[in-house]
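Asks: One file is attached below, query_24.txt, containing compact mmCIF, C-alpha atoms.
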```txt
# COMPACT_ATOMS: atom_id res chain seq x y z
CA MET A 840 -60.65 -50.08 27.20
CA ARG A 841 -63.01 -50.08 30.19
CA LEU A 842 -66.10 -52.28 29.84
CA ALA A 843 -68.67 -54.46 31.60
CA TYR A 844 -70.59 -57.58 30.62
CA ARG A 845 -73.19 -60.07 31.70
CA GLY A 846 -71.68 -63.50 31.35
CA GLU A 847 -74.82 -65.64 31.09
CA HIS A 848 -74.58 -66.24 27.34
CA TYR A 849 -70.78 -66.45 27.07
CA HIS A 850 -68.28 -69.21 27.68
CA GLY A 851 -66.11 -66.89 29.72
CA TRP A 852 -63.83 -64.06 28.68
CA GLN A 853 -61.01 -65.78 26.80
CA THR A 854 -61.31 -66.75 23.14
CA GLN A 855 -61.47 -70.52 22.65
CA PRO A 856 -62.43 -72.86 19.81
CA GLY A 857 -66.10 -73.73 19.40
CA ALA A 858 -67.44 -71.29 21.99
CA VAL A 859 -68.73 -67.72 22.02
CA THR A 860 -66.67 -65.57 24.40
CA VAL A 861 -66.64 -61.91 25.40
CA GLN A 862 -63.13 -61.38 24.03
CA GLU A 863 -64.11 -62.86 20.68
CA VAL A 864 -67.20 -60.63 20.32
CA ILE A 865 -65.23 -57.46 21.11
CA GLU A 866 -62.36 -58.40 18.80
CA GLU A 867 -64.75 -59.03 15.93
CA ALA A 868 -66.46 -55.68 16.52
CA LEU A 869 -63.12 -53.85 16.81
CA THR A 870 -61.86 -55.50 13.63
CA ARG A 871 -65.00 -54.49 11.77
CA VAL A 872 -64.90 -50.86 12.88
CA LEU A 873 -61.15 -50.32 12.40
CA ARG A 874 -61.00 -52.47 9.23
CA THR A 875 -57.88 -54.27 10.36
CA PRO A 876 -57.46 -57.52 12.36
CA MET A 877 -57.46 -56.64 16.07
CA LYS A 878 -56.63 -58.58 19.23
CA ILE A 879 -57.29 -57.42 22.79
CA THR A 880 -55.81 -58.50 26.13
CA GLY A 881 -58.01 -58.48 29.21
CA ALA A 882 -57.10 -57.97 32.85
CA GLY A 883 -58.36 -61.44 33.73
CA ARG A 884 -60.08 -64.58 32.48
CA THR A 885 -63.55 -64.89 33.94
CA ASP A 886 -65.18 -68.33 33.69
CA ALA A 887 -68.32 -69.23 31.76
CA GLY A 888 -71.37 -67.40 33.11
CA VAL A 889 -69.39 -65.01 35.35
CA ASN A 890 -70.18 -61.29 35.10
CA ALA A 891 -67.92 -58.25 35.11
CA ARG A 892 -68.99 -54.92 36.51
CA MET A 893 -65.62 -53.62 35.41
CA MET A 894 -63.13 -55.24 33.08
CA THR A 895 -60.16 -53.54 31.50
CA ALA A 896 -58.44 -54.55 28.28
CA HIS A 897 -55.77 -53.13 26.02
CA PHE A 898 -55.07 -53.30 22.32
CA ASP A 899 -52.13 -52.07 20.24
CA MET A 900 -52.61 -49.88 17.18
CA PRO A 901 -50.10 -49.92 14.30
CA GLY A 902 -50.73 -46.21 13.83
CA PRO A 903 -52.99 -43.34 14.93
CA LEU A 904 -56.73 -43.97 15.26
CA ASP A 905 -58.68 -42.53 12.35
CA ILE A 906 -61.74 -42.27 14.59
CA THR A 907 -62.20 -40.49 17.92
CA PRO A 908 -62.28 -42.72 21.03
CA GLU A 909 -65.84 -41.52 21.73
CA ARG A 910 -67.06 -42.54 18.28
CA LEU A 911 -65.21 -45.85 18.57
CA VAL A 912 -67.03 -46.56 21.85
CA GLY A 913 -70.38 -45.84 20.20
CA ALA A 914 -69.57 -48.02 17.18
CA LEU A 915 -68.52 -50.95 19.35
CA ASN A 916 -71.62 -50.74 21.53
CA ALA A 917 -73.77 -50.83 18.39
CA LEU A 918 -72.17 -54.16 17.46
CA THR A 919 -71.62 -56.02 20.73
CA GLY A 920 -75.25 -56.20 21.88
CA ARG A 921 -76.88 -55.64 25.26
CA ASP A 922 -74.74 -58.09 27.21
CA ILE A 923 -71.54 -56.08 26.68
CA ALA A 924 -71.09 -52.37 27.40
CA VAL A 925 -67.93 -50.52 26.44
CA TYR A 926 -67.64 -47.44 28.65
CA GLU A 927 -64.40 -45.77 27.66
CA ILE A 928 -61.37 -46.09 25.40
CA TYR A 929 -58.29 -43.99 26.06
CA PRO A 930 -54.56 -43.99 25.17
CA VAL A 931 -52.02 -45.32 27.67
CA ASP A 932 -48.28 -45.75 27.79
CA SER A 933 -47.11 -48.66 25.67
CA ALA A 934 -45.56 -50.28 28.74
CA LEU A 935 -48.93 -50.66 30.46
CA HIS A 936 -50.37 -54.18 30.25
CA ALA A 937 -54.02 -54.80 31.13
CA ARG A 938 -53.21 -58.06 32.91
CA PHE A 939 -49.65 -57.85 34.22
CA SER A 940 -49.75 -54.19 35.29
CA ALA A 941 -52.80 -54.74 37.52
CA THR A 942 -51.99 -54.64 41.24
CA SER A 943 -55.28 -56.04 42.58
CA ARG A 944 -58.64 -57.42 41.55
CA THR A 945 -61.86 -57.55 43.54
CA TYR A 946 -64.74 -60.00 43.12
CA HIS A 947 -68.24 -59.90 44.59
CA TYR A 948 -70.50 -62.93 45.14
CA TYR A 949 -74.16 -62.15 45.91
CA ALA A 950 -76.40 -64.37 48.05
CA VAL A 951 -80.08 -63.55 48.61
CA GLU A 952 -82.42 -65.51 50.88
CA GLY A 953 -85.88 -66.26 49.57
CA ASN A 954 -87.31 -65.87 46.08
CA SER A 955 -86.29 -62.86 44.03
CA PRO A 956 -87.80 -62.37 40.57
CA PHE A 957 -85.67 -59.24 40.17
CA LEU A 958 -82.24 -60.66 40.88
CA TYR A 959 -82.55 -64.16 39.41
CA PRO A 960 -80.40 -65.29 37.69
CA LEU A 961 -77.85 -62.70 38.83
CA SER A 962 -77.57 -63.91 42.43
CA TRP A 963 -77.49 -67.16 44.37
CA LYS A 964 -80.63 -68.21 46.22
CA ALA A 965 -79.20 -68.80 49.69
CA PRO A 966 -80.90 -70.97 52.32
CA ALA A 967 -82.10 -69.23 55.47
CA GLY A 968 -80.00 -69.63 58.58
CA LEU A 969 -76.47 -69.51 57.22
CA ASP A 970 -74.05 -68.48 59.96
CA TYR A 971 -72.27 -65.56 58.31
CA GLU A 972 -70.34 -64.70 61.47
CA LEU A 973 -68.81 -68.17 61.46
CA MET A 974 -68.17 -67.91 57.72
CA ASN A 975 -66.28 -64.65 58.31
CA ARG A 976 -64.13 -66.31 60.95
CA ALA A 977 -63.16 -68.89 58.35
CA ALA A 978 -62.73 -66.25 55.63
CA ALA A 979 -60.23 -64.38 57.81
CA ILE A 980 -57.89 -67.36 57.45
CA LEU A 981 -57.57 -66.53 53.74
CA LEU A 982 -55.66 -63.37 54.64
CA GLU A 983 -52.98 -65.55 56.23
CA THR A 984 -52.86 -67.99 53.31
CA ASP A 985 -50.49 -67.90 50.36
CA ASP A 986 -51.01 -71.27 48.63
CA PHE A 987 -54.56 -71.64 47.23
CA THR A 988 -54.14 -75.04 45.59
CA SER A 989 -57.21 -76.36 47.46
CA PHE A 990 -59.38 -73.82 45.61
CA ALA A 991 -57.71 -74.04 42.19
CA LYS A 992 -59.18 -75.72 39.14
CA LEU A 993 -57.19 -78.83 38.30
CA HIS A 994 -55.04 -79.23 35.18
CA THR A 995 -54.68 -75.57 34.21
CA ASP A 996 -51.69 -73.72 32.78
CA ALA A 997 -51.13 -71.71 35.98
CA LYS A 998 -47.43 -71.71 36.91
CA THR A 999 -48.11 -71.04 40.59
CA ASN A 1000 -51.04 -71.21 43.01
CA ILE A 1001 -49.63 -68.45 45.20
CA CYS A 1002 -51.98 -65.48 45.76
CA ARG A 1003 -52.04 -62.63 48.26
CA VAL A 1004 -55.55 -61.94 49.59
CA THR A 1005 -55.99 -58.56 51.31
CA HIS A 1006 -59.74 -58.69 52.00
CA ALA A 1007 -62.21 -61.56 52.34
CA ALA A 1008 -65.51 -61.13 54.18
CA TRP A 1009 -69.29 -61.33 53.94
CA HIS A 1010 -71.12 -58.01 54.19
CA PRO A 1011 -74.84 -57.23 54.41
CA VAL A 1012 -76.15 -55.34 51.41
CA GLU A 1013 -79.37 -53.39 50.97
CA ILE A 1014 -81.19 -54.03 47.72
CA PRO A 1015 -84.40 -51.98 47.30
CA GLY A 1016 -87.53 -54.03 46.79
CA ILE A 1017 -85.97 -57.34 47.80
CA GLU A 1018 -87.57 -59.50 50.48
CA GLY A 1019 -85.18 -61.38 52.76
CA LYS A 1020 -81.54 -61.01 53.76
CA ALA A 1021 -79.01 -60.12 51.08
CA MET A 1022 -75.28 -60.65 51.58
CA VAL A 1023 -72.22 -60.14 49.42
CA PHE A 1024 -68.87 -61.88 49.75
CA ILE A 1025 -66.10 -59.46 48.81
CA ILE A 1026 -62.60 -60.73 48.12
CA THR A 1027 -59.56 -58.77 46.92
CA ALA A 1028 -56.22 -60.25 45.88
CA ASP A 1029 -53.26 -59.52 43.67
CA ARG A 1030 -54.30 -62.42 41.41
CA PHE A 1031 -56.89 -65.19 41.26
CA LEU A 1032 -56.78 -68.77 40.04
CA ARG A 1033 -59.39 -70.30 37.76
CA ASN A 1034 -62.55 -71.15 39.72
CA MET A 1035 -60.89 -69.93 42.95
CA VAL A 1036 -63.60 -67.55 44.20
CA ARG A 1037 -66.46 -69.96 43.53
CA ALA A 1038 -64.57 -72.76 45.30
CA VAL A 1039 -63.81 -70.52 48.28
CA VAL A 1040 -67.46 -69.45 48.56
CA GLY A 1041 -68.67 -73.04 48.23
CA THR A 1042 -66.41 -74.13 51.07
CA LEU A 1043 -67.43 -71.17 53.24
CA VAL A 1044 -71.08 -72.11 52.71
CA GLU A 1045 -70.27 -75.54 54.16
CA VAL A 1046 -69.03 -73.69 57.25
CA GLY A 1047 -72.19 -71.58 57.34
CA ARG A 1048 -74.37 -74.68 57.15
CA GLY A 1049 -72.58 -76.25 60.09
CA LYS A 1050 -71.14 -79.06 58.00
CA LEU A 1051 -67.57 -77.81 58.33
CA SER A 1052 -65.81 -76.19 61.28
CA VAL A 1053 -63.48 -73.19 61.06
CA GLU A 1054 -60.66 -75.53 61.97
CA GLY A 1055 -61.77 -77.88 59.22
CA PHE A 1056 -61.66 -74.98 56.75
CA ALA A 1057 -58.06 -74.27 57.78
CA ASP A 1058 -57.22 -77.95 57.39
CA ILE A 1059 -58.60 -77.98 53.83
CA ILE A 1060 -56.28 -75.10 52.94
CA ALA A 1061 -53.31 -76.88 54.49
CA ARG A 1062 -54.03 -80.09 52.56
CA ARG A 1063 -53.59 -78.33 49.18
CA ASP A 1064 -56.10 -80.68 47.61
CA ARG A 1065 -58.98 -79.39 45.49
CA CYS A 1066 -60.95 -82.57 46.17
CA ALA A 1067 -60.99 -81.72 49.88
CA ALA A 1068 -62.71 -78.34 49.37
CA GLY A 1069 -66.39 -77.65 48.83
CA THR A 1070 -68.31 -77.60 45.57
CA SER A 1071 -67.94 -74.77 43.09
CA MET A 1072 -70.77 -72.24 43.40
CA PRO A 1073 -73.02 -71.23 40.46
CA PRO A 1074 -71.30 -68.62 38.26
CA GLN A 1075 -74.18 -66.18 37.71
CA ALA A 1076 -73.81 -64.59 41.17
CA LEU A 1077 -70.12 -63.79 40.70
CA TYR A 1078 -68.88 -60.41 39.47
CA LEU A 1079 -65.44 -59.11 38.66
CA TRP A 1080 -66.02 -55.85 40.50
CA ASP A 1081 -62.88 -53.74 40.36
CA ILE A 1082 -59.28 -53.68 39.11
CA THR A 1083 -56.51 -51.40 40.33
CA TYR A 1084 -53.27 -50.38 38.65
```
What is this structure when it is put down as structure tokens?
Replies:
Amino acid sequence: MRLAYRGEHYHGWQTQPGAVTVQEVIEEALTRVLRTPMKITGAGRTDAGVNARMMTAHFDMPGPLDITPERLVGALNALTGRDIAVYEIYPVDSALHARFSATSRTYHYYAVEGNSPFLYPLSWKAPAGLDYELMNRAAAILLETDDFTSFAKLHTDAKTNICRVTHAAWHPVEIPGIEGKAMVFIITADRFLRNMVRAVVGTLVEVGRGKLSVEGFADIIARRDRCAAGTSMPPQALYLWDITY
């Protein structure tokens, strides 16, 4: 299943007690259409308020579908609402796993200077004068880093904080009709920890504001202490952008 969603009204992807999540909404719709209890497994676990331009998920059927994939897509979209869009459903080998078979994931974080009635609340209102060149010098250190404990949410069930980042940089982006500079932080890795991207961006912003040196950024990584890193950035500007298999 290939889908996208706007995370503003959801408490993240993963089903959890007492909260509305994207996974829960899709499972309920799938169960209703197929008339049998259904569970899905996503490629990742986005946090509350985080968006996904592209999420993949898989589900196992006990037998053949009695509905075409195209009709199933239409039925699900009629039930999930405007915040969730299912694009495609297709059969795959039973060995393929939406989460564990993925080889990389890419996130985008959008920052726009000035007021933007068109992008709010889907971007971060950045202050003028951030030094993006300096931020990119610090971001380059992430490519040489393996332990991301300093950017990991505390007290999670993650067995390891080891990740392999293959791209991390700020890029200018042109958005028609938008006044002021617009930038996007793009980061690709084999896996991500909970809150990792927002913590990385928050710490890079400290570098861009001149409150933290590039050397200080490297020291934070070496300390392996989440309390040493910057604040977690607002979730609405973060997008799970791509997944490769």
Asks: Hey, can you check how far atom CA of Gly1047 of chain A sits from atom CA of Met974 of chain A?
Replies: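 A separation of 5.5 Å between them.
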Asks: Quick one: residues within 8 Å of segment 964-973 of chain A, all atoms listed in the file, excluding same-chain residues fewer than 3 positions away - as an MDAnalysis selection string?
Replies: chainID A and resid 950:954 976:977 1009 1044 1046:1049 1053
Asks: How about saving the chosen residues, C-alpha atoms kept, as a PDB file, keeping the file's coordinate frame?
Replies:
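And here is the file that came out, part06.pdb:
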```pdb
ATOM      1  CA  ALA A 950     -76.400 -64.370  48.050  1.00  0.00           C
ATOM      2  CA  VAL A 951     -80.080 -63.550  48.610  1.00  0.00           C
ATOM      3  CA  GLU A 952     -82.420 -65.510  50.880  1.00  0.00           C
ATOM      4  CA  GLY A 953     -85.880 -66.260  49.570  1.00  0.00           C
ATOM      5  CA  ASN A 954     -87.310 -65.870  46.080  1.00  0.00           C
ATOM      6  CA  ARG A 976     -64.130 -66.310  60.950  1.00  0.00           C
ATOM      7  CA  ALA A 977     -63.160 -68.890  58.350  1.00  0.00           C
ATOM      8  CA  TRP A1009     -69.290 -61.330  53.940  1.00  0.00           C
ATOM      9  CA  VAL A1044     -71.080 -72.110  52.710  1.00  0.00           C
ATOM     10  CA  VAL A1046     -69.030 -73.690  57.250  1.00  0.00           C
ATOM     11  CA  GLY A1047     -72.190 -71.580  57.340  1.00  0.00           C
ATOM     12  CA  ARG A1048     -74.370 -74.680  57.150  1.00  0.00           C
ATOM     13  CA  GLY A1049     -72.580 -76.250  60.090  1.00  0.00           C
ATOM     14  CA  VAL A1053     -63.480 -73.190  61.060  1.00  0.00           C
TER      15      VAL A1053
END
```
Asks: So how far away is atom CA of Ile1082 of chain A from atom CA of Val1039 of chain A, in Å?
Replies: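 Computed distance, atom CA of Val1039 of chain A to atom CA of Ile1082 of chain A, equals 19.7 Å.
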Asks: What does the distance from atom CA of Tyr1078 of chain A to atom CA of Met894 of chain A come to in Å, to one decimal?
Replies: 10.0 Å
Asks: Select, from A:Ile1059, A:Ala887, A:Val1012, A:Met1022, the residue with the minimum atom-to-atom distance to Thr984 of chain A, counting all atoms listed in the file.
Replies: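 Going through A:Ile1059, A:Ala887, A:Val1012, A:Met1022 one by one, the smallest distance to Thr984 of chain A is for A:Ile1059.
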Asks: Taking all atoms listed in the file into account, name the residue in A:Cys1002, A:Glu847, A:Met900, A:Tyr949 that is nearest to Val931 of chain A.
Replies: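 Using all atoms listed in the file, the shortest distance to Val931 of chain A belongs to A:Met900.
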Asks: Need the shell around Ala934 of chain A: protein/DNA/RNA residues with any atom at most 12 Å away, counting only C-alpha atoms. Skip same-chain ones fewer than 5 positions apart. Format as number ranges by chain?
Replies: A: 897-899, 939-940
Asks: Restricting the calculation to all atoms listed in the file: of A:Arg1033, A:His1010, A:Arg892, A:Arg1063, which residue gets closest to Thr995 of chain A?
Replies: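 The closest residue to Thr995 of chain A is A:Arg1033.
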Asks: Looking at A:Asp886, A:Tyr849, A:Leu1043, A:Pro1015, which one is nearest to Gly1055 of chain A, with distances taken over all atoms listed in the file?
Replies: A:Leu1043
Asks: A:Ala991, A:Val1036, A:Arg1003, A:Pro956: which is nearest Glu1018 of chain A, counting all atoms listed in the file?
Replies: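 The closest residue to Glu1018 of chain A is A:Pro956.
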Asks: Tell me which of A:Thr870, A:Thr1027, A:Ser955, A:Val859 sits closest to Leu1079 of chain A, counting all atoms listed in the file.
Replies: A:Thr1027
Asks: Got a sec to check which residues sit within 10 Å of (-68.4, -45.8, 27.3), counting all atoms listed in the file, and write them as a tab-separated table (two decimals) with C-alpha atoms, in the frame of the given file?
Replies:
```tsv
chain	number	residue	atom	x	y	z
A	840	MET	CA	-60.65	-50.08	27.20
A	841	ARG	CA	-63.01	-50.08	30.19
A	842	LEU	CA	-66.10	-52.28	29.84
A	843	ALA	CA	-68.67	-54.46	31.60
A	908	PRO	CA	-62.28	-42.72	21.03
A	909	GLU	CA	-65.84	-41.52	21.73
A	910	ARG	CA	-67.06	-42.54	18.28
A	911	LEU	CA	-65.21	-45.85	18.57
A	912	VAL	CA	-67.03	-46.56	21.85
A	913	GLY	CA	-70.38	-45.84	20.20
A	915	LEU	CA	-68.52	-50.95	19.35
A	916	ASN	CA	-71.62	-50.74	21.53
A	924	ALA	CA	-71.09	-52.37	27.40
A	925	VAL	CA	-67.93	-50.52	26.44
A	926	TYR	CA	-67.64	-47.44	28.65
A	927	GLU	CA	-64.40	-45.77	27.66
A	928	ILE	CA	-61.37	-46.09	25.40
```
Asks: List as a list of chain:residue names the protein and nucleic acid residues near Phe1024 of chain A, meaning an atom at most 6 Å away when only C-alpha atoms are counted, but skip any in the same chain fewer than 5 places from it.
Replies: A:His947, A:Tyr948, A:Ala1008, A:Trp1009
Asks: Got a sec: who's within 9 Å of Val1004 of chain A, counting only C-alpha atoms, leaving out chain neighbours fewer than 4 positions off, as an MDAnalysis selection string?
Replies: chainID A and resid 981:985 1026:1030
Asks: Just want the 12 Å neighbourhood of Tyr1084 of chain A, counted on only C-alpha atoms, with same-chain residues fewer than 2 positions away dropped. Output as a list of chain:residue names.
Replies: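 Here the qualifying residues turn out to be A:Ala882, A:Thr895, A:Leu935, A:His936, A:Ala937, A:Arg938, A:Phe939, A:Ser940, A:Ala941, A:Thr942, A:Ser943, A:Arg944, A:Asp1029, A:Asp1081, A:Ile1082.
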